[in-house]
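Colleague: Take this structure first; my questions come after.
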Amino acid sequence: MGMRTPFLAIAAASIGLLLAGIASTQARAQLVNPSFEAPATEKDAGWTLFDLSRYSDKYARGGKRSLFHFGFSRTVSYAPFLLGNVAGSFQEFDAEPGSQWRLTGYAMTPTPLKGTPAFGIVQISFFDADGNDLGTLETVGSEVAKAKTSNELNNRSAPEVWTLLDTGVATAPKNTATVQAFTLYVDYSNSNVSQGVYFDDLTLCRVSDTGECIDQP
């Protein structure tokens, strides 16, 4: 079981978020449980969840369930002075250098998110056989994010509306062995409220050079 530590950099807030404890290469024929309908108690419900994340039957775009990432962000009178949260889930698949991938999904918040940065995204990143995060060819040299990230669901997004999140095409760099697909909720807003984002109906596929989905892993 290989350890993975994807890194998400938020330049606007000068925040480096290290997502640790990520593991488990999964050889599968397709994205497992993309709409989060499988019971969370099943041995293999598809997604590895971390931090404040849970399956929910409160909201759903299709079916009866979704995945909820949430957190609480506030300032404190001692180091590190700001407590925030990065909650999420991921799946991992074998991938080879030069392969192209695209991740899409829907996100929704029942009430407007407060503060910034507080947002939900999906993202793709590639790893070598030793678990080193290679990022993507599209993000080489980027100061914003090593991974290929989607548009955000944030404090400018309408509540109670399922918004399409799309990473666009991500290309695997040299030495790629695996690809990881993430749903993420990031909150370092100092909002002093508990809030979060629901995710549903994810699709991960390999794409052609023209960006068309040609198959699913």
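Order determines the names: the first chain of the structure tokens is A, the second B, and so forth; residues in each chain are numbered 1 upward, and ligands are numbered 1 upward as they are shown.
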From the DSSP assignment of the backbone, select every residue of chain A that is strand (DSSP E or B), and format the answer as a ChimeraX atom specification.
Modeller: /A:3-4,7-10,15-18,22-23,48-50,53-56,66-72,74-75,82-83,85-94,100-108,118-127,133-135,148-149,153,163-171,178-187,194-207,213-215
Colleague: Counting only C-alpha atoms, which residues in segment 146-174 of chain A sit no more than 8 Å from segment 112-135 of chain A? For each one, give the nearest pair of atoms and the distance in Å, sorted by chain then residue number, as a tab-separated table.
Modeller:
```
residue	atom	partner	partner_atom	distance
A:Lys146	CA	A:Gly135	CA	4.9
A:Ala147	CA	A:Ser125	CA	4.8
A:Lys148	CA	A:Ile124	CA	5.2
A:Thr149	CA	A:Gln123	CA	4.3
A:Ser150	CA	A:Val122	CA	5.5
A:Asn151	CA	A:Ile121	CA	6.5
A:Glu152	CA	A:Ile121	CA	5.3
A:Leu153	CA	A:Gly120	CA	5.0
A:Asn154	CA	A:Phe119	CA	4.4
A:Asn155	CA	A:Leu113	CA	4.6
A:Arg156	CA	A:Pro112	CA	7.8
A:Ser157	CA	A:Pro112	CA	7.1
A:Ala158	CA	A:Pro112	CA	6.8
A:Pro159	CA	A:Pro112	CA	5.4
A:Leu165	CA	A:Val122	CA	6.6
A:Asp166	CA	A:Val122	CA	7.2
A:Thr167	CA	A:Gln123	CA	6.2
A:Ala170	CA	A:Ile124	CA	7.0
A:Ala172	CA	A:Phe126	CA	6.1
A:Pro173	CA	A:Leu134	CA	6.9
```
Colleague: For those residues, write C-alpha atoms to a file as a PDB file, in the first residue's frame.
Modeller:
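Everything below was put into result-v8.pdb:
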```pdb
ATOM      1  CA  LYS A 146       0.385  21.474  -8.500  1.00  0.00           C
ATOM      2  CA  ALA A 147      -2.729  19.451  -9.275  1.00  0.00           C
ATOM      3  CA  LYS A 148      -5.141  20.227 -12.140  1.00  0.00           C
ATOM      4  CA  THR A 149      -8.086  21.806 -10.346  1.00  0.00           C
ATOM      5  CA  SER A 150     -11.613  22.608 -11.456  1.00  0.00           C
ATOM      6  CA  ASN A 151     -13.618  25.794 -11.191  1.00  0.00           C
ATOM      7  CA  GLU A 152     -14.714  26.549  -7.627  1.00  0.00           C
ATOM      8  CA  LEU A 153     -17.973  26.424  -5.731  1.00  0.00           C
ATOM      9  CA  ASN A 154     -17.395  29.395  -3.415  1.00  0.00           C
ATOM     10  CA  ASN A 155     -18.987  32.424  -1.737  1.00  0.00           C
ATOM     11  CA  ARG A 156     -20.045  33.777  -5.134  1.00  0.00           C
ATOM     12  CA  SER A 157     -21.938  30.584  -6.028  1.00  0.00           C
ATOM     13  CA  ALA A 158     -25.717  30.425  -5.795  1.00  0.00           C
ATOM     14  CA  PRO A 159     -26.986  28.200  -2.945  1.00  0.00           C
ATOM     15  CA  LEU A 165     -17.085  21.295 -11.708  1.00  0.00           C
ATOM     16  CA  ASP A 166     -14.648  20.402 -14.494  1.00  0.00           C
ATOM     17  CA  THR A 167     -10.876  19.999 -14.334  1.00  0.00           C
ATOM     18  CA  ALA A 170      -4.848  16.792 -17.320  1.00  0.00           C
ATOM     19  CA  ALA A 172       0.390  12.625 -17.113  1.00  0.00           C
ATOM     20  CA  PRO A 173       4.084  13.645 -16.858  1.00  0.00           C
TER      21      PRO A 173
END
```
Colleague: Taking into account only C-alpha atoms, which residue in the set A:Ser56, A:Asn33, A:Asn85, A:Thr75 is nearest to Leu204 of chain A?
Modeller: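 The shortest atom-to-atom distance to Leu204 of chain A comes from A:Asn33.
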Colleague: Mind dumping a table of every segment 150-208 of chain A residue within 10 Å of segment 92-101 of chain A, with the nearest atom pair and its distance in Å to one decimal, using only C-alpha atoms, sorted by chain and rising number, as a tab-separated table?
Modeller:
```
residue	atom	partner	partner_atom	distance
A:Thr167	CA	A:Trp101	CA	9.0
A:Gly168	CA	A:Trp101	CA	8.1
A:Val169	CA	A:Trp101	CA	5.6
A:Ala170	CA	A:Trp101	CA	5.2
A:Thr171	CA	A:Gln100	CA	4.4
A:Ala172	CA	A:Pro97	CA	4.9
A:Pro173	CA	A:Pro97	CA	5.3
A:Lys174	CA	A:Pro97	CA	5.1
A:Asn175	CA	A:Pro97	CA	6.1
A:Thr176	CA	A:Pro97	CA	5.1
A:Ala177	CA	A:Ala95	CA	5.3
A:Thr178	CA	A:Asp94	CA	4.3
A:Val179	CA	A:Phe93	CA	5.4
A:Gln180	CA	A:Glu92	CA	4.4
A:Ala181	CA	A:Glu92	CA	6.5
A:Phe182	CA	A:Glu92	CA	9.0
A:Leu204	CA	A:Trp101	CA	7.2
A:Cys205	CA	A:Trp101	CA	5.7
A:Arg206	CA	A:Trp101	CA	4.4
A:Val207	CA	A:Gln100	CA	5.5
A:Ser208	CA	A:Gln100	CA	7.0
```
Colleague: Would you export the selected residues with all heavy atoms as a short mmCIF file (atom, residue, chain, number, x, y, z; two decimals), in the first residue's frame, please?
Modeller:
```cif
data_model
loop_
_atom_site.label_atom_id
_atom_site.label_comp_id
_atom_site.auth_asym_id
_atom_site.auth_seq_id
_atom_site.Cartn_x
_atom_site.Cartn_y
_atom_site.Cartn_z
N THR A 167 -12.32 19.75 -14.36
CA THR A 167 -10.88 20.00 -14.33
C THR A 167 -10.32 20.35 -15.70
O THR A 167 -9.23 20.90 -15.80
CB THR A 167 -10.10 18.77 -13.83
OG1 THR A 167 -10.32 17.67 -14.74
CG2 THR A 167 -10.52 18.38 -12.44
N GLY A 168 -11.06 20.05 -16.75
CA GLY A 168 -10.46 20.09 -18.08
C GLY A 168 -9.47 18.95 -18.21
O GLY A 168 -9.41 18.05 -17.37
N VAL A 169 -8.68 18.97 -19.26
CA VAL A 169 -7.76 17.86 -19.53
C VAL A 169 -6.50 17.98 -18.70
O VAL A 169 -5.89 19.05 -18.62
CB VAL A 169 -7.40 17.82 -21.03
CG1 VAL A 169 -6.36 16.75 -21.30
CG2 VAL A 169 -8.65 17.58 -21.86
N ALA A 170 -6.10 16.88 -18.08
CA ALA A 170 -4.85 16.79 -17.32
C ALA A 170 -3.98 15.71 -17.95
O ALA A 170 -4.44 14.57 -18.13
CB ALA A 170 -5.12 16.46 -15.86
N THR A 171 -2.73 16.03 -18.25
CA THR A 171 -1.83 15.11 -18.94
C THR A 171 -0.77 14.58 -17.98
O THR A 171 -0.16 15.35 -17.23
CB THR A 171 -1.13 15.80 -20.12
OG1 THR A 171 -2.14 16.39 -20.96
CG2 THR A 171 -0.32 14.81 -20.93
N ALA A 172 -0.55 13.28 -18.02
CA ALA A 172 0.39 12.63 -17.11
C ALA A 172 1.83 12.91 -17.51
O ALA A 172 2.22 12.71 -18.66
CB ALA A 172 0.14 11.12 -17.10
N PRO A 173 2.67 13.38 -16.56
CA PRO A 173 4.08 13.65 -16.86
C PRO A 173 4.91 12.36 -16.95
O PRO A 173 4.41 11.25 -16.72
CB PRO A 173 4.54 14.48 -15.65
CG PRO A 173 3.30 14.83 -14.89
CD PRO A 173 2.31 13.77 -15.21
N LYS A 174 6.17 12.53 -17.28
CA LYS A 174 7.13 11.44 -17.30
C LYS A 174 7.16 10.76 -15.93
O LYS A 174 7.05 11.41 -14.90
CB LYS A 174 8.52 11.98 -17.66
CG LYS A 174 9.61 10.94 -17.72
CD LYS A 174 10.94 11.59 -18.05
CE LYS A 174 12.08 10.58 -18.07
NZ LYS A 174 13.39 11.23 -18.37
N ASN A 175 7.32 9.44 -15.93
CA ASN A 175 7.41 8.61 -14.71
C ASN A 175 6.07 8.40 -14.00
O ASN A 175 6.04 7.84 -12.90
CB ASN A 175 8.42 9.19 -13.71
CG ASN A 175 9.82 9.23 -14.28
OD1 ASN A 175 10.24 8.34 -15.02
ND2 ASN A 175 10.56 10.28 -13.94
N THR A 176 4.98 8.79 -14.61
CA THR A 176 3.67 8.57 -13.99
C THR A 176 3.38 7.08 -13.84
O THR A 176 3.61 6.29 -14.76
CB THR A 176 2.56 9.22 -14.83
OG1 THR A 176 2.66 10.64 -14.71
CG2 THR A 176 1.18 8.77 -14.38
N ALA A 177 2.87 6.70 -12.67
CA ALA A 177 2.43 5.33 -12.42
C ALA A 177 0.95 5.28 -12.07
O ALA A 177 0.28 4.28 -12.37
CB ALA A 177 3.24 4.72 -11.28
N THR A 178 0.43 6.34 -11.42
CA THR A 178 -0.98 6.36 -11.02
C THR A 178 -1.56 7.75 -11.18
O THR A 178 -0.84 8.75 -11.24
CB THR A 178 -1.16 5.93 -9.54
OG1 THR A 178 -0.43 6.82 -8.69
CG2 THR A 178 -0.68 4.50 -9.32
N VAL A 179 -2.88 7.81 -11.22
CA VAL A 179 -3.62 9.06 -11.21
C VAL A 179 -4.56 9.04 -10.02
O VAL A 179 -5.14 8.00 -9.69
CB VAL A 179 -4.40 9.27 -12.53
CG1 VAL A 179 -5.38 8.13 -12.79
CG2 VAL A 179 -5.14 10.61 -12.52
N GLN A 180 -4.70 10.18 -9.35
CA GLN A 180 -5.66 10.30 -8.26
C GLN A 180 -6.70 11.35 -8.60
O GLN A 180 -6.38 12.45 -9.09
CB GLN A 180 -4.96 10.68 -6.95
CG GLN A 180 -4.19 9.53 -6.32
CD GLN A 180 -3.68 9.85 -4.94
OE1 GLN A 180 -3.84 10.95 -4.44
NE2 GLN A 180 -3.04 8.88 -4.30
N ALA A 181 -7.96 11.01 -8.35
CA ALA A 181 -9.09 11.91 -8.57
C ALA A 181 -9.67 12.28 -7.21
O ALA A 181 -9.98 11.41 -6.41
CB ALA A 181 -10.15 11.23 -9.42
N PHE A 182 -9.80 13.59 -6.96
CA PHE A 182 -10.21 14.09 -5.66
C PHE A 182 -11.50 14.91 -5.73
O PHE A 182 -11.74 15.63 -6.71
CB PHE A 182 -9.14 15.02 -5.08
CG PHE A 182 -8.00 14.33 -4.42
CD1 PHE A 182 -6.93 13.87 -5.17
CD2 PHE A 182 -7.96 14.16 -3.05
CE1 PHE A 182 -5.86 13.25 -4.57
CE2 PHE A 182 -6.90 13.54 -2.44
CZ PHE A 182 -5.84 13.08 -3.19
N LEU A 204 -14.87 10.26 -14.10
CA LEU A 204 -13.45 10.31 -14.45
C LEU A 204 -13.28 9.51 -15.73
O LEU A 204 -13.71 8.36 -15.81
CB LEU A 204 -12.59 9.70 -13.34
CG LEU A 204 -11.09 9.57 -13.66
CD1 LEU A 204 -10.43 10.94 -13.73
CD2 LEU A 204 -10.40 8.70 -12.60
N CYS A 205 -12.63 10.11 -16.73
CA CYS A 205 -12.42 9.36 -17.97
C CYS A 205 -11.09 9.74 -18.60
O CYS A 205 -10.55 10.82 -18.35
CB CYS A 205 -13.56 9.57 -18.95
SG CYS A 205 -13.63 11.22 -19.66
N ARG A 206 -10.57 8.83 -19.40
CA ARG A 206 -9.43 9.13 -20.25
C ARG A 206 -9.96 9.85 -21.48
O ARG A 206 -11.08 9.60 -21.92
CB ARG A 206 -8.70 7.86 -20.65
CG ARG A 206 -8.04 7.16 -19.48
CD ARG A 206 -7.19 6.01 -19.91
NE ARG A 206 -6.13 6.43 -20.84
CZ ARG A 206 -5.05 5.71 -21.11
NH1 ARG A 206 -4.87 4.54 -20.52
NH2 ARG A 206 -4.14 6.15 -21.94
N VAL A 207 -9.17 10.76 -22.01
CA VAL A 207 -9.65 11.56 -23.13
C VAL A 207 -8.68 11.48 -24.30
O VAL A 207 -7.50 11.16 -24.14
CB VAL A 207 -9.85 13.04 -22.72
CG1 VAL A 207 -10.90 13.16 -21.65
CG2 VAL A 207 -8.55 13.65 -22.24
N SER A 208 -9.19 11.81 -25.45
CA SER A 208 -8.38 11.86 -26.67
C SER A 208 -7.62 13.18 -26.72
O SER A 208 -7.81 14.06 -25.87
CB SER A 208 -9.28 11.73 -27.90
OG SER A 208 -10.10 12.89 -28.02
#
```
Colleague: Which polymer residues have any atom within 9 Å of an atom of Pro110 of chain A, counting only C-alpha atoms, with same-chain residues fewer than 4 positions away left out, as a count of residues only?
Modeller: 8
Colleague: Compare A:Thr203, A:Thr139, A:Ser189, A:Ser53 by their minimum atom-to-atom distance to Arg102 of chain A, counting only C-alpha atoms, and give me the closest one.
Modeller: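 With only C-alpha atoms as the atom set, the closest residue is A:Thr203.
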Colleague: Show which residues sit within 12 Å of Leu202 of chain A, as a VMD selection string. Count only C-alpha atoms, and ignore same-chain residues fewer than 6 positions away.
Modeller: chain A and resid 30 to 37 46 to 47 61 to 62 66 to 67 89 to 91 102 to 107 121 to 123 163 to 167 181 to 183 216
Colleague: Would you work out the distance separating atom CA of Gly84 of chain A from atom CA of Asn190 of chain A, expressed in Å to one decimal?
Modeller: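 Separating atom CA of Gly84 of chain A from atom CA of Asn190 of chain A is a distance of 7.5 Å.
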